[in-house]
Amino acid sequence: MRRLLQGSLFALLLCLGITSALADAQTDFRNGQQAFRKGDYRRALDGFEKARQAGMRDAAIFYNLGVTHYKLGHYDQAEAAFLQAARFKQIAALAWYNLGLVKRKQGDSKDAAHWFRKARDNTDDPRLRALAARQLAATRSRWRSFAYAGLGYDDNITLTSDVITVPTGSSDGFLELYAQTRGILSGRLRDGVLLRAGAFGDFYASLGDYNYTDLFAGIYKSLPLGKWTTEGGLRLSRSSYGGNGYLQIVGLELRGRRSLSRTTRLQLRFRARSLSAIDNRYDYLSGSSYDLRLGARWRAGSSSTVRAYYQFQDNDRNDLRTSNYFHSVSPQRHRLRVDWRQRLSVHWKLRLGAEYRLSLYKQDNVYYFLSNRHVRRQDNRLRAMAELTRKLSPGTDLVYSYTYTDNSSNVGPISLPSPGGGTIDYDYTRNLAMVAVQHAF
């Protein structure tokens with residue numbers, strides 16, 4: 001039955017080119033149709049290519065080129081043709097479905113699932129919706145993993161947590177490693193019990209005191225609630241900094257998403273976390289925090305997506321008190337972020353992003369050595385990101401990324417007295433560039 005439906009969908013578009021006003025192109029197109037029906041796909045490809053070169057640029061020519069390349073096993077060319085066909089609204093969902101077939105043939109289950117899901121969620125044809133849903137179910141694996149390794153350069157290394165940012169003024173090269181996995185322990189993805197786990201690490205070439213690692217794992221339950229797809233669970237993470245224990249975080253996470261239309265999806269996330277310092281020197285960071293995020297994703301054409309979110313975060317930490325000063329590390333934060341993703345070609349993707357974060361600290365910083373001077377800290381952070389991805393093979397990408405950060409604060413520069421000394425100054429800029437290889441499996 002699946003093969004029958006697939007065949008009928010392929011044949012559906014073989015007759016659309018007859019409406020073309022280009023006489024020569026029509027003739028070549030009909031020749032391609034006739035050859036295709038006879039199973040002579042090489043002659044069919046020759047006819048369709050001649051029609052395209054003669055000026056045919058409608059949905060039918062790109063779709064039929066894609067189908068013919070698929071039949072011949074030319075999967076890269078089929079992908080390029082279906083991406084062109086997807087630009088035409090009347091057959092976009094059908095082209096996305098066939099892109100899923102192409103990516104499955106190439107062994108790229110992640111991209112295949114993406115295109116099948118897109119076809120399922122954006123068609124009024126019940127046959128295509130049902131077929132895409134079945135293909136999506138067959139494509140999903142009970143275990144999915146992702147990893148990357150990158151080399152980069154940081155011109156202003158910082159210790160960055162949820163509440164503090166301490167720029168060092170030092171620069172260094174680094175190795176960044178990340179891996180994560182998601183497994184379905186019971187049930188299905190949409191209504192089962194899931195395990196999520198992973199590890200992250202930054203390792204500097206010369207300044208090992210700033211190395212950072214994080215290990216995390218969580219158990220989640222997914223459940224459909226009306227038009228919402230929801231997921232909730234508990235997550236544990238343990239991090240180290242400079243080779244010493246840093247923070248242990250136990251958190252509750254709740255997520256939900258629903259489609260508002262064919263092109264728009266709403267996303268919600270709530271997190272409540274309890275933080276404990278592993279090493280006593282970081283005890284001032286112990287406490288609790290929660291955040292609420294409201295986001296949306298818009299599809300702008302067949303190859304472009306915009307994502308945006310607003311997040312509110314509240315922190316209640318122990319704060320930092322010494323003989324010379326008191327520092328609040330318990331801010332309320334407002335964050336706004338926008339990302340634009342564009343598929344440039346079969347092999348290249350571009351992502352551009354911008355973020356603004358406002359941090360309002362709850363208590364005044366007090367400097368006892370400056371006649372008990374009081375300052376209520378407020379930080380404004382701007383961040384811009386650019387990422388260019390080159391597909392190397394199914395599931396494997398080469399990623400070039402650059403991030404610029406500009407943080408301004410009303411605190412500093414303030415010179416601390418001896419012993420210890422140093423300067424408090426939260427104004428800084430940071431440039432970070434990295435090239436990484438990532439693989440999904």
# chains A, B, ... in the order shown; residues from 1 in each chain; ligands from 1
>>> residues_around(residues="Lys362 in chain A", least_positions_apart="4", cutoff="8 Å", atoms="only C-alpha atoms", output="short mmCIF file (atom, residue, chain, number, x, y, z; two decimals) with C-alpha atoms, in the first residue's frame")
data_model
loop_
_atom_site.label_atom_id
_atom_site.label_comp_id
_atom_site.auth_asym_id
_atom_site.auth_seq_id
_atom_site.Cartn_x
_atom_site.Cartn_y
_atom_site.Cartn_z
CA SER A 328 24.66 40.65 44.82
CA SER A 330 20.88 37.37 42.41
CA PRO A 331 19.59 39.18 39.33
CA GLN A 332 16.28 39.25 37.54
CA ARG A 376 22.60 48.73 42.44
#
>>> residues_around(residues="Ser186 in chain A", least_positions_apart="6", cutoff="10 Å", atoms="only C-alpha atoms", output="PyMOL selection string")
chain A and resi 142+192-195+221
>>> closest_residue(among="A:Val435, A:Ala137, A:Val346, A:Leu225", to="Leu388 in chain A", atoms="only C-alpha atoms")
A:Val435
>>> closest_residue(among="A:Gln77, A:Gln84, A:Asn324, A:Asn31", to="Val102 in chain A", atoms="only C-alpha atoms")
A:Gln77
>>> closest_residue(among="A:Gly233, A:Gly152, A:Gly301, A:Gly245", to="Arg281 in chain A", atoms="only C-alpha atoms")
A:Gly245
>>> residues_around(residues="Thr68 in chain A", least_positions_apart="4", cutoff="10 Å", atoms="only C-alpha atoms", output="VMD selection string")
chain A and resid 10 32 36 39 to 46 48 62 to 64 72 to 75 77 to 78 81
>>> write_last_selection(atoms="N, CA and C atoms", output="CSV table (one decimal), in the first residue's frame")
chain,number,residue,atom,x,y,z
A,10,PHE,N,4.2,10.3,-7.1
A,10,PHE,CA,5.1,10.7,-8.2
A,10,PHE,C,4.4,11.0,-9.5
A,32,GLY,N,9.8,13.8,-22.3
A,32,GLY,CA,10.2,13.3,-21.0
A,32,GLY,C,9.2,12.5,-20.3
A,36,PHE,N,9.4,8.6,-19.3
A,36,PHE,CA,9.3,8.2,-17.9
A,36,PHE,C,8.2,7.1,-17.7
A,39,GLY,N,9.5,3.8,-18.3
A,39,GLY,CA,10.6,3.4,-17.4
A,39,GLY,C,12.0,3.7,-18.0
A,40,ASP,N,12.1,4.5,-19.1
A,40,ASP,CA,13.4,4.9,-19.6
A,40,ASP,C,13.7,6.3,-19.0
A,41,TYR,N,14.3,6.2,-17.8
A,41,TYR,CA,14.5,7.4,-17.0
A,41,TYR,C,15.7,8.2,-17.6
A,42,ARG,N,16.6,7.7,-18.3
A,42,ARG,CA,17.7,8.5,-18.8
A,42,ARG,C,17.1,9.4,-20.0
A,43,ARG,N,16.3,8.8,-20.8
A,43,ARG,CA,15.7,9.6,-21.9
A,43,ARG,C,14.7,10.6,-21.3
A,44,ALA,N,14.0,10.2,-20.2
A,44,ALA,CA,13.1,11.2,-19.5
A,44,ALA,C,13.9,12.3,-19.0
A,45,LEU,N,15.1,12.1,-18.4
A,45,LEU,CA,15.9,13.1,-17.8
A,45,LEU,C,16.4,14.1,-18.9
A,46,ASP,N,16.7,13.5,-20.1
A,46,ASP,CA,17.2,14.3,-21.2
A,46,ASP,C,16.0,15.2,-21.7
A,48,PHE,N,13.4,16.3,-19.9
A,48,PHE,CA,13.1,17.3,-18.9
A,48,PHE,C,14.2,18.4,-18.8
A,62,PHE,N,10.6,21.2,-12.2
A,62,PHE,CA,11.5,20.9,-11.1
A,62,PHE,C,11.1,19.7,-10.4
A,63,TYR,N,9.8,19.5,-10.3
A,63,TYR,CA,9.4,18.3,-9.6
A,63,TYR,C,9.7,17.0,-10.4
A,64,ASN,N,9.5,17.1,-11.7
A,64,ASN,CA,9.8,15.9,-12.5
A,64,ASN,C,11.3,15.6,-12.7
A,72,LEU,N,16.9,7.5,-10.9
A,72,LEU,CA,18.3,7.1,-11.4
A,72,LEU,C,19.3,7.0,-10.3
A,73,GLY,N,18.9,7.3,-9.0
A,73,GLY,CA,19.8,7.2,-7.9
A,73,GLY,C,20.7,8.4,-7.8
A,74,HIS,N,20.4,9.5,-8.5
A,74,HIS,CA,21.2,10.8,-8.4
A,74,HIS,C,20.6,11.6,-7.2
A,75,TYR,N,20.9,11.3,-6.0
A,75,TYR,CA,20.2,11.8,-4.9
A,75,TYR,C,20.5,13.3,-4.6
A,77,GLN,N,21.3,15.5,-6.9
A,77,GLN,CA,20.6,16.3,-7.9
A,77,GLN,C,19.1,16.3,-7.7
A,78,ALA,N,18.6,15.2,-7.2
A,78,ALA,CA,17.1,15.1,-6.8
A,78,ALA,C,16.8,16.1,-5.7
A,81,ALA,N,16.6,19.6,-7.0
A,81,ALA,CA,15.4,19.9,-7.8
A,81,ALA,C,14.2,20.0,-6.9
>>> closest_residue(among="A:Val411, A:Ala217, A:Leu416, A:Val399", to="Phe369 in chain A", atoms="only C-alpha atoms")
A:Leu416
>>> closest_residue(among="A:Glu231, A:His439, A:Leu247, A:Asp319", to="Tyr178 in chain A", atoms="only C-alpha atoms")
A:His439
>>> residues_around(residues="range 274-278 of chain A", least_positions_apart="6", cutoff="8 Å", atoms="only C-alpha atoms", output="NGL selection string")
:A and (245-251 or 284-289)
>>> atom_distance(atom1="CA of Arg87 in chain A", atom2="CA of Gln342 in chain A")
13.4 Å
>>> decode(residues="range 177-208 of chain A", atoms="N, CA and C atoms", output="PDB file, in the first residue's frame")
ATOM      1  N   LEU A 177      34.251  20.308  23.102  1.00  0.00           N
ATOM      2  CA  LEU A 177      33.656  19.009  22.830  1.00  0.00           C
ATOM      3  C   LEU A 177      32.239  18.967  23.387  1.00  0.00           C
ATOM      4  N   TYR A 178      31.349  18.327  22.663  1.00  0.00           N
ATOM      5  CA  TYR A 178      29.963  18.202  23.128  1.00  0.00           C
ATOM      6  C   TYR A 178      29.380  16.916  22.573  1.00  0.00           C
ATOM      7  N   ALA A 179      28.592  16.235  23.405  1.00  0.00           N
ATOM      8  CA  ALA A 179      27.884  15.038  22.964  1.00  0.00           C
ATOM      9  C   ALA A 179      26.590  14.914  23.756  1.00  0.00           C
ATOM     10  N   GLN A 180      25.538  14.449  23.098  1.00  0.00           N
ATOM     11  CA  GLN A 180      24.272  14.224  23.779  1.00  0.00           C
ATOM     12  C   GLN A 180      23.555  13.044  23.138  1.00  0.00           C
ATOM     13  N   THR A 181      22.688  12.418  23.915  1.00  0.00           N
ATOM     14  CA  THR A 181      21.894  11.320  23.397  1.00  0.00           C
ATOM     15  C   THR A 181      20.492  11.407  23.967  1.00  0.00           C
ATOM     16  N   ARG A 182      19.530  10.901  23.206  1.00  0.00           N
ATOM     17  CA  ARG A 182      18.151  10.811  23.654  1.00  0.00           C
ATOM     18  C   ARG A 182      17.631   9.422  23.334  1.00  0.00           C
ATOM     19  N   GLY A 183      17.127   8.748  24.373  1.00  0.00           N
ATOM     20  CA  GLY A 183      16.605   7.404  24.180  1.00  0.00           C
ATOM     21  C   GLY A 183      15.179   7.298  24.665  1.00  0.00           C
ATOM     22  N   ILE A 184      14.383   6.510  23.953  1.00  0.00           N
ATOM     23  CA  ILE A 184      13.006   6.233  24.363  1.00  0.00           C
ATOM     24  C   ILE A 184      13.028   4.967  25.210  1.00  0.00           C
ATOM     25  N   LEU A 185      12.856   5.110  26.515  1.00  0.00           N
ATOM     26  CA  LEU A 185      12.931   3.972  27.421  1.00  0.00           C
ATOM     27  C   LEU A 185      11.670   3.119  27.379  1.00  0.00           C
ATOM     28  N   SER A 186      10.537   3.762  27.173  1.00  0.00           N
ATOM     29  CA  SER A 186       9.282   3.028  27.041  1.00  0.00           C
ATOM     30  C   SER A 186       8.289   3.889  26.266  1.00  0.00           C
ATOM     31  N   GLY A 187       7.325   3.248  25.625  1.00  0.00           N
ATOM     32  CA  GLY A 187       6.335   3.983  24.856  1.00  0.00           C
ATOM     33  C   GLY A 187       6.903   4.544  23.575  1.00  0.00           C
ATOM     34  N   ARG A 188       6.336   5.669  23.155  1.00  0.00           N
ATOM     35  CA  ARG A 188       6.761   6.332  21.926  1.00  0.00           C
ATOM     36  C   ARG A 188       7.295   7.724  22.250  1.00  0.00           C
ATOM     37  N   LEU A 189       7.855   8.392  21.230  1.00  0.00           N
ATOM     38  CA  LEU A 189       8.430   9.708  21.443  1.00  0.00           C
ATOM     39  C   LEU A 189       7.386  10.690  21.951  1.00  0.00           C
ATOM     40  N   ARG A 190       6.175  10.616  21.457  1.00  0.00           N
ATOM     41  CA  ARG A 190       5.162  11.606  21.797  1.00  0.00           C
ATOM     42  C   ARG A 190       4.438  11.302  23.105  1.00  0.00           C
ATOM     43  N   ASP A 191       4.579  10.074  23.638  1.00  0.00           N
ATOM     44  CA  ASP A 191       3.864   9.763  24.879  1.00  0.00           C
ATOM     45  C   ASP A 191       4.620   8.740  25.730  1.00  0.00           C
ATOM     46  N   GLY A 192       5.950   8.773  25.688  1.00  0.00           N
ATOM     47  CA  GLY A 192       6.746   7.783  26.389  1.00  0.00           C
ATOM     48  C   GLY A 192       7.631   8.372  27.472  1.00  0.00           C
ATOM     49  N   VAL A 193       8.508   7.533  27.993  1.00  0.00           N
ATOM     50  CA  VAL A 193       9.507   7.939  28.982  1.00  0.00           C
ATOM     51  C   VAL A 193      10.849   8.033  28.276  1.00  0.00           C
ATOM     52  N   LEU A 194      11.506   9.182  28.417  1.00  0.00           N
ATOM     53  CA  LEU A 194      12.723   9.478  27.668  1.00  0.00           C
ATOM     54  C   LEU A 194      13.905   9.681  28.604  1.00  0.00           C
ATOM     55  N   LEU A 195      15.068   9.301  28.137  1.00  0.00           N
ATOM     56  CA  LEU A 195      16.325   9.615  28.803  1.00  0.00           C
ATOM     57  C   LEU A 195      17.095  10.600  27.934  1.00  0.00           C
ATOM     58  N   ARG A 196      17.557  11.674  28.544  1.00  0.00           N
ATOM     59  CA  ARG A 196      18.425  12.624  27.858  1.00  0.00           C
ATOM     60  C   ARG A 196      19.694  12.777  28.686  1.00  0.00           C
ATOM     61  N   ALA A 197      20.859  12.678  28.038  1.00  0.00           N
ATOM     62  CA  ALA A 197      22.121  12.779  28.762  1.00  0.00           C
ATOM     63  C   ALA A 197      23.187  13.343  27.825  1.00  0.00           C
ATOM     64  N   GLY A 198      24.225  13.931  28.432  1.00  0.00           N
ATOM     65  CA  GLY A 198      25.276  14.486  27.598  1.00  0.00           C
ATOM     66  C   GLY A 198      26.435  15.042  28.400  1.00  0.00           C
ATOM     67  N   ALA A 199      27.413  15.583  27.667  1.00  0.00           N
ATOM     68  CA  ALA A 199      28.607  16.154  28.279  1.00  0.00           C
ATOM     69  C   ALA A 199      29.101  17.306  27.427  1.00  0.00           C
ATOM     70  N   PHE A 200      29.702  18.288  28.090  1.00  0.00           N
ATOM     71  CA  PHE A 200      30.251  19.468  27.406  1.00  0.00           C
ATOM     72  C   PHE A 200      31.594  19.810  28.046  1.00  0.00           C
ATOM     73  N   GLY A 201      32.536  20.312  27.234  1.00  0.00           N
ATOM     74  CA  GLY A 201      33.813  20.726  27.792  1.00  0.00           C
ATOM     75  C   GLY A 201      34.519  21.760  26.947  1.00  0.00           C
ATOM     76  N   ASP A 202      35.092  22.766  27.602  1.00  0.00           N
ATOM     77  CA  ASP A 202      35.997  23.733  26.977  1.00  0.00           C
ATOM     78  C   ASP A 202      37.376  23.543  27.588  1.00  0.00           C
ATOM     79  N   PHE A 203      38.393  23.340  26.740  1.00  0.00           N
ATOM     80  CA  PHE A 203      39.750  23.082  27.215  1.00  0.00           C
ATOM     81  C   PHE A 203      40.702  24.041  26.510  1.00  0.00           C
ATOM     82  N   TYR A 204      41.332  24.934  27.285  1.00  0.00           N
ATOM     83  CA  TYR A 204      42.195  25.965  26.714  1.00  0.00           C
ATOM     84  C   TYR A 204      43.616  25.444  26.514  1.00  0.00           C
ATOM     85  N   ALA A 205      44.273  25.989  25.505  1.00  0.00           N
ATOM     86  CA  ALA A 205      45.599  25.504  25.131  1.00  0.00           C
ATOM     87  C   ALA A 205      46.646  25.814  26.198  1.00  0.00           C
ATOM     88  N   SER A 206      46.614  27.030  26.749  1.00  0.00           N
ATOM     89  CA  SER A 206      47.633  27.447  27.712  1.00  0.00           C
ATOM     90  C   SER A 206      47.062  27.763  29.083  1.00  0.00           C
ATOM     91  N   LEU A 207      45.816  28.201  29.150  1.00  0.00           N
ATOM     92  CA  LEU A 207      45.227  28.679  30.399  1.00  0.00           C
ATOM     93  C   LEU A 207      44.255  27.647  30.949  1.00  0.00           C
ATOM     94  N   GLY A 208      44.815  26.551  31.433  1.00  0.00           N
ATOM     95  CA  GLY A 208      43.992  25.451  31.924  1.00  0.00           C
ATOM     96  C   GLY A 208      43.154  25.797  33.139  1.00  0.00           C
TER      97      GLY A 208
END
